[in-house]
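**Student:** Please find one structure pasted underneath; my questions will follow.
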Amino acid sequence: MELKLVNVQGQDAGILNVNEAVFGREYNEALVHQVVTAFLANARSGNNKQKTRSEISRSTKKPWNQKGTGRARSGTASSPIWRGGARAFPASPEENFTHKVNRKMYRAGIASILSKLVLDGRLVVTNELNIDTPKTKSFVSALDNMALSNDTVLVVVDELTENVFYASRNLPTVLVLEAHQIDPYTLLRCNKVVFTQKAIELVQEQYS
C-alpha cells in the first residue's frame with residue numbers, strides 16, 4: 001500500500017510503501033468502540049468518597065420501640081433511608097474502573113483507526129519535520145504549507161526535539177506525541193493526524 005509524502009513546504013516528496021495490515025485494514029467499529037472505552041476507563045481514578053454506615057457520627061441507640069408507636073420500624077439513625085444517613089453503596093477512592101483488553105485486540109483497534117484515517121483523508125505523512133528555530137511562527141508556517149492550520153492536529157514524531165516542543169506548545173489545537181505514545185482516543189479526537197516517515201516505520205513495527 002502506498003501513501004503520499006509531503007515536506008514542510010507542502011510539496012510532494014515521493015511515495016511511501018506501508019503495511020496494508022496496519023493502514024489498509026477494514027474498519028471495525030465495534031472493536032474501536034471497545035478499545036476507546038477501555039482506554040478512557042483505565043485512565044479514571046477513584047476521586048469520590050461517601051460514608052458507610054459505620055462512618056456516620058450518629059447515636060447507635062434504637063430511635064424508638066419496635067412496636068406500639070404506629071411508626072415504621074427503625075434500628076439506627078444512620079440508615080441510608082434517613083436524612084443525614086449513610087449511603088447504601090458508597091463511592092470509594094479505591095474503586096477500580098479498569099477494563100481488560102487483550103494486546104491483540106488493542107493492536108487491531110489502533111490499526112483499524114489508522115486505516116480509517118487514511119480512508120477519510122485525515123492522515124498526512126511528511127518526510128521529516130524540520131523546525132529550525134523554537135518559535136511558534138515556524139511551526140504555524142509548516143502547518144499552513146500543509147493546509148492544516150484550521151484543524152485540530154495531532155503530530156506524531158519518532159523523537160520529540162527541543163525545537164518542535166517549544167514551537168508547538170503554545171498552540172491550543174496542536175498536540176505533538178512520539179510514536180510510542182499514541183492512543184485510540186487521541187487519534188480519533190483530532191481532525192488531522194500528521195506522521196513523520198520515521199514515526200510511520202515505528203508504528204508499523206509496533207502494530208503489524
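Ordering of the C-alpha cells sets the chain letters (A, B, ...), residue numbers begin anew at 1 in every chain, and ligands are numbered from 1 in the order given.
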Find the residues near segment 124-134 of chain A: any atom within 9 Å, counting only C-alpha atoms, skip ones fewer than 4 places away on the same chain, and give them as an NGL selection string.
**Tutor:** :A and (3-8 or 10 or 13-14 or 16 or 118 or 138-139 or 142 or 146 or 157 or 162-168 or 192-198 or 200)
**Student:** With N, CA and C atoms retained, could you export that selection as a compact mmCIF listing (two decimals), in the first residue's frame?
**Tutor:**
```
# COMPACT_ATOMS: atom_id res chain seq x y z
N LEU A 3 1.42 5.51 0.40
CA LEU A 3 0.95 6.79 0.94
C LEU A 3 1.81 7.91 0.36
N LYS A 4 1.17 9.03 0.09
CA LYS A 4 1.89 10.16 -0.49
C LYS A 4 2.66 10.91 0.60
N LEU A 5 3.91 11.25 0.30
CA LEU A 5 4.73 12.03 1.21
C LEU A 5 4.71 13.50 0.82
N VAL A 6 4.69 14.38 1.83
CA VAL A 6 4.84 15.82 1.59
C VAL A 6 5.93 16.34 2.51
N ASN A 7 6.52 17.48 2.14
CA ASN A 7 7.50 18.09 3.03
C ASN A 7 6.87 19.28 3.75
N VAL A 8 7.64 19.94 4.60
CA VAL A 8 7.09 21.05 5.40
C VAL A 8 6.77 22.27 4.55
N GLY A 10 4.93 21.82 1.94
CA GLY A 10 3.68 21.41 1.31
C GLY A 10 3.84 20.81 -0.06
N ALA A 13 6.83 14.83 -1.88
CA ALA A 13 8.18 14.34 -1.56
C ALA A 13 8.32 12.86 -1.86
N GLY A 14 7.44 12.34 -2.72
CA GLY A 14 7.57 10.95 -3.10
C GLY A 14 6.44 10.08 -2.56
N LEU A 16 5.52 6.56 -0.10
CA LEU A 16 5.97 5.68 0.98
C LEU A 16 5.15 4.40 0.96
N VAL A 118 -6.67 7.00 6.98
CA VAL A 118 -6.21 7.00 5.59
C VAL A 118 -7.40 7.06 4.64
N SER A 138 7.34 29.43 13.26
CA SER A 138 7.91 28.43 12.37
C SER A 138 6.99 27.22 12.23
N PHE A 139 6.42 26.80 13.36
CA PHE A 139 5.54 25.63 13.34
C PHE A 139 4.23 25.94 12.62
N ALA A 142 4.72 25.81 8.91
CA ALA A 142 4.74 24.44 8.38
C ALA A 142 3.33 23.89 8.25
N MET A 146 1.06 22.81 4.75
CA MET A 146 0.40 21.51 4.57
C MET A 146 -1.12 21.62 4.68
N VAL A 157 5.77 12.09 15.96
CA VAL A 157 7.17 12.09 15.53
C VAL A 157 7.87 10.88 16.14
N GLU A 162 13.76 19.45 20.79
CA GLU A 162 13.53 20.64 21.61
C GLU A 162 12.86 21.74 20.80
N ASN A 163 13.27 21.92 19.55
CA ASN A 163 12.67 22.97 18.72
C ASN A 163 11.19 22.70 18.47
N VAL A 164 10.84 21.45 18.16
CA VAL A 164 9.44 21.11 17.91
C VAL A 164 8.62 21.27 19.17
N PHE A 165 9.17 20.88 20.30
CA PHE A 165 8.44 21.01 21.57
C PHE A 165 8.11 22.46 21.88
N TYR A 166 9.12 23.32 21.82
CA TYR A 166 8.90 24.73 22.16
C TYR A 166 8.07 25.45 21.11
N ALA A 167 8.20 25.05 19.86
CA ALA A 167 7.47 25.74 18.79
C ALA A 167 5.98 25.37 18.80
N SER A 168 5.63 24.21 19.36
CA SER A 168 4.23 23.76 19.28
C SER A 168 3.46 23.90 20.58
N LYS A 192 -7.05 16.05 11.97
CA LYS A 192 -5.98 15.60 11.08
C LYS A 192 -4.84 15.02 11.94
N VAL A 193 -4.19 14.01 11.39
CA VAL A 193 -3.06 13.38 12.06
C VAL A 193 -1.86 13.41 11.12
N VAL A 194 -0.77 13.98 11.60
CA VAL A 194 0.45 14.09 10.79
C VAL A 194 1.50 13.14 11.36
N PHE A 195 2.02 12.25 10.51
CA PHE A 195 3.09 11.34 10.89
C PHE A 195 4.35 11.72 10.13
N THR A 196 5.48 11.66 10.81
CA THR A 196 6.74 11.72 10.07
C THR A 196 7.02 10.34 9.51
N GLN A 197 7.88 10.28 8.52
CA GLN A 197 8.19 9.00 7.87
C GLN A 197 8.77 8.00 8.87
N LYS A 198 9.66 8.45 9.74
CA LYS A 198 10.25 7.55 10.73
C LYS A 198 9.23 7.10 11.75
N ILE A 200 6.05 6.62 11.12
CA ILE A 200 5.27 5.58 10.43
C ILE A 200 5.97 4.23 10.54
```
**Student:** Give me the residues within 10 Å of Asp151 of chain A as an mmCIF file with C-alpha atoms, in the first residue's frame, counting only C-alpha atoms and dropping any in the same chain fewer than 3 places off.
**Tutor:**
```
data_model
loop_
_atom_site.group_PDB
_atom_site.id
_atom_site.type_symbol
_atom_site.label_atom_id
_atom_site.label_comp_id
_atom_site.auth_asym_id
_atom_site.auth_seq_id
_atom_site.Cartn_x
_atom_site.Cartn_y
_atom_site.Cartn_z
ATOM 1 C CA LEU A 143 1.087 23.707 9.178
ATOM 2 C CA ALA A 147 -3.100 23.127 4.751
ATOM 3 C CA LEU A 148 -3.576 22.094 8.378
ATOM 4 C CA LEU A 154 -2.056 15.524 16.160
ATOM 5 C CA THR A 173 -5.217 22.991 18.650
ATOM 6 C CA VAL A 174 -1.935 21.093 18.183
ATOM 7 C CA CYS A 190 -8.125 15.191 16.178
ATOM 8 C CA ASN A 191 -9.350 16.227 12.736
ATOM 9 C CA LYS A 192 -5.980 15.595 11.083
ATOM 10 C CA VAL A 193 -3.058 13.377 12.064
#
```
**Student:** What gap, in Å, lies between atom CA of Phe23 of chain A and atom CA of Arg169 of chain A?
**Tutor:** 28.6 Å
**Student:** Can you work out the spacing between atom CA of Gly84 of chain A and atom CA of Gly46 of chain A in Å, to one decimal?
**Tutor:** 23.1 Å
**Student:** Just the residues within 9 Å of Val36 of chain A, please, counting only C-alpha atoms, with nothing from its chain fewer than 5 positions along; format it as a list of chain:residue names.
**Tutor:** A:Leu31, A:Ala41, A:Gly109, A:Asp183, A:Pro184, A:Tyr185
**Student:** List the spatial neighbours of segment 25-28 of chain A as a list in words - criterion: any atom at most 7 Å away, only C-alpha atoms, same-chain residues fewer than 2 positions off excluded.
**Tutor:**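 Within the cut-off, the hits are Glu20, Ala21, Val22, Phe23, Ala30, Leu31, Val32, Ala111, Ser112, Ser115 and Lys116 of chain A.
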**Student:** Excluding Ser59 of chain A and residues on its chain fewer than 2 positions from it, collect all residues at most 9 Å away from it, counting only C-alpha atoms, and give them as a list of chain:residue names.
**Tutor:** A:Ile56, A:Ser57, A:Lys61, A:Lys62, A:Pro63, A:Thr76, A:Ala77, A:Ser78
**Student:** Which parts of segment 19-58 of chain A does DSSP call helix (DSSP H, G or I) when run on the backbone here, written out as a PyMOL selection string?
**Tutor:** chain A and resi 20-23+29-42+53-55
**Student:** In Å, how far is it from atom CA of Thr98 of chain A to atom CA of Gln34 of chain A?
**Tutor:**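 Here the two named atoms are 12.4 Å from each other.
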**Student:** Which residue out of A:Gln181, A:Thr69, A:Ser79, A:Thr161 has the minimum interatomic distance to Ser54 of chain A when only C-alpha atoms are used?
**Tutor:** A:Ser79
**Student:** Give the strand (DSSP E) residues of segment 27-200 of chain A, as DSSP finds them on the backbone, and put them as a PyMOL selection string.
**Tutor:** chain A and resi 123-126+153-157+174-178+192-196
**Student:** Could you check which of A:Lys135, A:Lys100, A:Leu171, A:Ala108 is closest to Leu40 of chain A, using only C-alpha atoms?
**Tutor:**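 Closest to Leu40 of chain A of all the choices is A:Lys100.
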**Student:** Set the distance at 12 Å and use only C-alpha atoms: which residues neighbour segment 88-92 of chain A once local chain neighbours fewer than 2 positions away are removed? I'd like the list as a ChimeraX atom specification.
**Tutor:** /A:45-55,78-82,85-86,94-97
